[in-house]
Amino acid sequence: MVRIAVTGGIACGKSRVVLYLQARGIAVCEADTIAHRALAPDGAAFRDVVRAFGSGILDEAGKIDRRKLGDIVFSDPGRLAELDRLVHPTVKADIDDWFTIQRGRGCRMAVVVVPLLFEAGME
């Protein structure tokens, strides 16, 4: 099975590429979706992220408030690296599992969209 990664910055056309590929029946997985799941209250990284950044990042419902977390990590490169260390391993593992499932389904090609492909060391 051919494994392809689509990467790039904001507004560079990743979504357009995804729509094109999906319209042709190619399986596509988005790393951002996996990362959001990892940060959900039942997600693999939730407890570690709350432990590292404190309960102040939670909203009234007990979910991680992405804006509050973003205010912390995007103003401090060290804190962003810490968040990446907590979330990226889960995302990588889930992507590997997804590729395995696609191979089991007989897919000849599968695509993953990873905006931070090189930054996450996933090349």
# chains A, B, ... in the order shown; residues from 1 in each chain; ligands from 1
>>> residues_around(residues="Ile95 of chain A", least_positions_apart="5", cutoff="9 Å", atoms="only C-alpha atoms", output="list in words")
Cys29, Glu30, Ala31, Ile34, Thr90, Thr100 and Val112 of chain A
>>> select_by_dssp(residues="segment 73-117 of chain A", states="helix (DSSP H, G or I)", output="list of chain:residue names")
A:Val73, A:Pro77, A:Gly78, A:Arg79, A:Leu80, A:Ala81, A:Glu82, A:Leu83, A:Asp84, A:Arg85, A:Leu86, A:Val87, A:His88, A:Pro89, A:Thr90, A:Val91, A:Lys92, A:Ala93, A:Asp94, A:Ile95, A:Asp96, A:Asp97, A:Trp98, A:Phe99, A:Thr100, A:Ile101, A:Gln102, A:Arg103, A:Gly104
>>> closest_residue(among="A:Ile101, A:Ile57, A:Ala52, A:Val111", to="Tyr20 of chain A", atoms="only C-alpha atoms")
A:Val111
>>> residues_around(residues="Ala5 of chain A", least_positions_apart="3", cutoff="9 Å", atoms="only C-alpha atoms", output="list of chain:residue names")
A:Ala110, A:Val111, A:Val112, A:Val113, A:Val114, A:Leu117, A:Glu123
>>> write_last_selection(atoms="N, CA and C atoms", output="PDB file, in the first residue's frame")
ATOM      1  N   ALA A 110      -3.382   5.189   0.735  1.00  0.00           N
ATOM      2  CA  ALA A 110      -4.041   5.881   1.841  1.00  0.00           C
ATOM      3  C   ALA A 110      -3.251   7.156   2.127  1.00  0.00           C
ATOM      4  N   VAL A 111      -3.976   8.199   2.504  1.00  0.00           N
ATOM      5  CA  VAL A 111      -3.383   9.524   2.669  1.00  0.00           C
ATOM      6  C   VAL A 111      -3.660  10.044   4.070  1.00  0.00           C
ATOM      7  N   VAL A 112      -2.645  10.629   4.673  1.00  0.00           N
ATOM      8  CA  VAL A 112      -2.807  11.282   5.958  1.00  0.00           C
ATOM      9  C   VAL A 112      -2.418  12.746   5.797  1.00  0.00           C
ATOM     10  N   VAL A 113      -3.211  13.622   6.405  1.00  0.00           N
ATOM     11  CA  VAL A 113      -2.941  15.057   6.370  1.00  0.00           C
ATOM     12  C   VAL A 113      -2.316  15.428   7.710  1.00  0.00           C
ATOM     13  N   VAL A 114      -1.062  15.876   7.641  1.00  0.00           N
ATOM     14  CA  VAL A 114      -0.317  16.224   8.852  1.00  0.00           C
ATOM     15  C   VAL A 114       0.308  17.603   8.648  1.00  0.00           C
ATOM     16  N   LEU A 117       4.008  17.800   9.814  1.00  0.00           N
ATOM     17  CA  LEU A 117       4.680  16.534   9.517  1.00  0.00           C
ATOM     18  C   LEU A 117       6.145  16.548   9.932  1.00  0.00           C
ATOM     19  N   GLU A 123       8.217  12.331   9.179  1.00  0.00           N
ATOM     20  CA  GLU A 123       8.533  12.098   7.787  1.00  0.00           C
ATOM     21  C   GLU A 123       8.983  10.678   7.570  1.00  0.00           C
TER      22      GLU A 123
END
>>> closest_residue(among="A:Val91, A:Arg103, A:Trp98, A:Ala61", to="Gly121 of chain A", atoms="only C-alpha atoms")
A:Val91
>>> decode(residues="segment 99-113 of chain A", atoms="N, CA, C and O atoms", output="PDB file, in the first residue's frame")
ATOM      1  N   PHE A  99      -3.394   3.358   9.206  1.00  0.00           N
ATOM      2  CA  PHE A  99      -2.781   2.789   8.003  1.00  0.00           C
ATOM      3  C   PHE A  99      -2.896   1.261   7.997  1.00  0.00           C
ATOM      4  O   PHE A  99      -3.164   0.657   6.959  1.00  0.00           O
ATOM      5  N   THR A 100      -2.712   0.641   9.140  1.00  0.00           N
ATOM      6  CA  THR A 100      -2.841  -0.818   9.237  1.00  0.00           C
ATOM      7  C   THR A 100      -4.256  -1.261   8.877  1.00  0.00           C
ATOM      8  O   THR A 100      -4.446  -2.245   8.148  1.00  0.00           O
ATOM      9  N   ILE A 101      -5.238  -0.533   9.356  1.00  0.00           N
ATOM     10  CA  ILE A 101      -6.641  -0.852   9.039  1.00  0.00           C
ATOM     11  C   ILE A 101      -6.882  -0.696   7.538  1.00  0.00           C
ATOM     12  O   ILE A 101      -7.528  -1.544   6.911  1.00  0.00           O
ATOM     13  N   GLN A 102      -6.362   0.373   6.959  1.00  0.00           N
ATOM     14  CA  GLN A 102      -6.558   0.589   5.522  1.00  0.00           C
ATOM     15  C   GLN A 102      -5.909  -0.533   4.709  1.00  0.00           C
ATOM     16  O   GLN A 102      -6.494  -1.018   3.734  1.00  0.00           O
ATOM     17  N   ARG A 103      -4.728  -0.961   5.116  1.00  0.00           N
ATOM     18  CA  ARG A 103      -4.054  -2.066   4.440  1.00  0.00           C
ATOM     19  C   ARG A 103      -4.907  -3.328   4.540  1.00  0.00           C
ATOM     20  O   ARG A 103      -5.077  -4.053   3.556  1.00  0.00           O
ATOM     21  N   GLY A 104      -5.478  -3.569   5.716  1.00  0.00           N
ATOM     22  CA  GLY A 104      -6.343  -4.732   5.919  1.00  0.00           C
ATOM     23  C   GLY A 104      -7.603  -4.688   5.072  1.00  0.00           C
ATOM     24  O   GLY A 104      -8.168  -5.734   4.727  1.00  0.00           O
ATOM     25  N   ARG A 105      -8.039  -3.501   4.731  1.00  0.00           N
ATOM     26  CA  ARG A 105      -9.217  -3.343   3.868  1.00  0.00           C
ATOM     27  C   ARG A 105      -8.874  -3.477   2.388  1.00  0.00           C
ATOM     28  O   ARG A 105      -9.748  -3.370   1.536  1.00  0.00           O
ATOM     29  N   GLY A 106      -7.597  -3.674   2.109  1.00  0.00           N
ATOM     30  CA  GLY A 106      -7.175  -3.839   0.726  1.00  0.00           C
ATOM     31  C   GLY A 106      -6.925  -2.547  -0.022  1.00  0.00           C
ATOM     32  O   GLY A 106      -6.818  -2.551  -1.257  1.00  0.00           O
ATOM     33  N   CYS A 107      -6.817  -1.437   0.692  1.00  0.00           N
ATOM     34  CA  CYS A 107      -6.539  -0.160   0.030  1.00  0.00           C
ATOM     35  C   CYS A 107      -5.160  -0.211  -0.627  1.00  0.00           C
ATOM     36  O   CYS A 107      -4.205  -0.707  -0.041  1.00  0.00           O
ATOM     37  N   ARG A 108      -5.100   0.320  -1.815  1.00  0.00           N
ATOM     38  CA  ARG A 108      -3.822   0.399  -2.513  1.00  0.00           C
ATOM     39  C   ARG A 108      -3.091   1.691  -2.188  1.00  0.00           C
ATOM     40  O   ARG A 108      -1.892   1.791  -2.392  1.00  0.00           O
ATOM     41  N   MET A 109      -3.851   2.683  -1.695  1.00  0.00           N
ATOM     42  CA  MET A 109      -3.280   3.981  -1.354  1.00  0.00           C
ATOM     43  C   MET A 109      -4.083   4.567  -0.197  1.00  0.00           C
ATOM     44  O   MET A 109      -5.300   4.448  -0.161  1.00  0.00           O
ATOM     45  N   ALA A 110      -3.382   5.189   0.735  1.00  0.00           N
ATOM     46  CA  ALA A 110      -4.041   5.881   1.841  1.00  0.00           C
ATOM     47  C   ALA A 110      -3.251   7.156   2.127  1.00  0.00           C
ATOM     48  O   ALA A 110      -2.024   7.186   2.006  1.00  0.00           O
ATOM     49  N   VAL A 111      -3.976   8.199   2.504  1.00  0.00           N
ATOM     50  CA  VAL A 111      -3.383   9.524   2.669  1.00  0.00           C
ATOM     51  C   VAL A 111      -3.660  10.044   4.070  1.00  0.00           C
ATOM     52  O   VAL A 111      -4.777   9.922   4.579  1.00  0.00           O
ATOM     53  N   VAL A 112      -2.645  10.629   4.673  1.00  0.00           N
ATOM     54  CA  VAL A 112      -2.807  11.282   5.958  1.00  0.00           C
ATOM     55  C   VAL A 112      -2.418  12.746   5.797  1.00  0.00           C
ATOM     56  O   VAL A 112      -1.458  13.067   5.096  1.00  0.00           O
ATOM     57  N   VAL A 113      -3.211  13.622   6.405  1.00  0.00           N
ATOM     58  CA  VAL A 113      -2.941  15.057   6.370  1.00  0.00           C
ATOM     59  C   VAL A 113      -2.316  15.428   7.710  1.00  0.00           C
ATOM     60  O   VAL A 113      -2.943  15.273   8.757  1.00  0.00           O
TER      61      VAL A 113
END
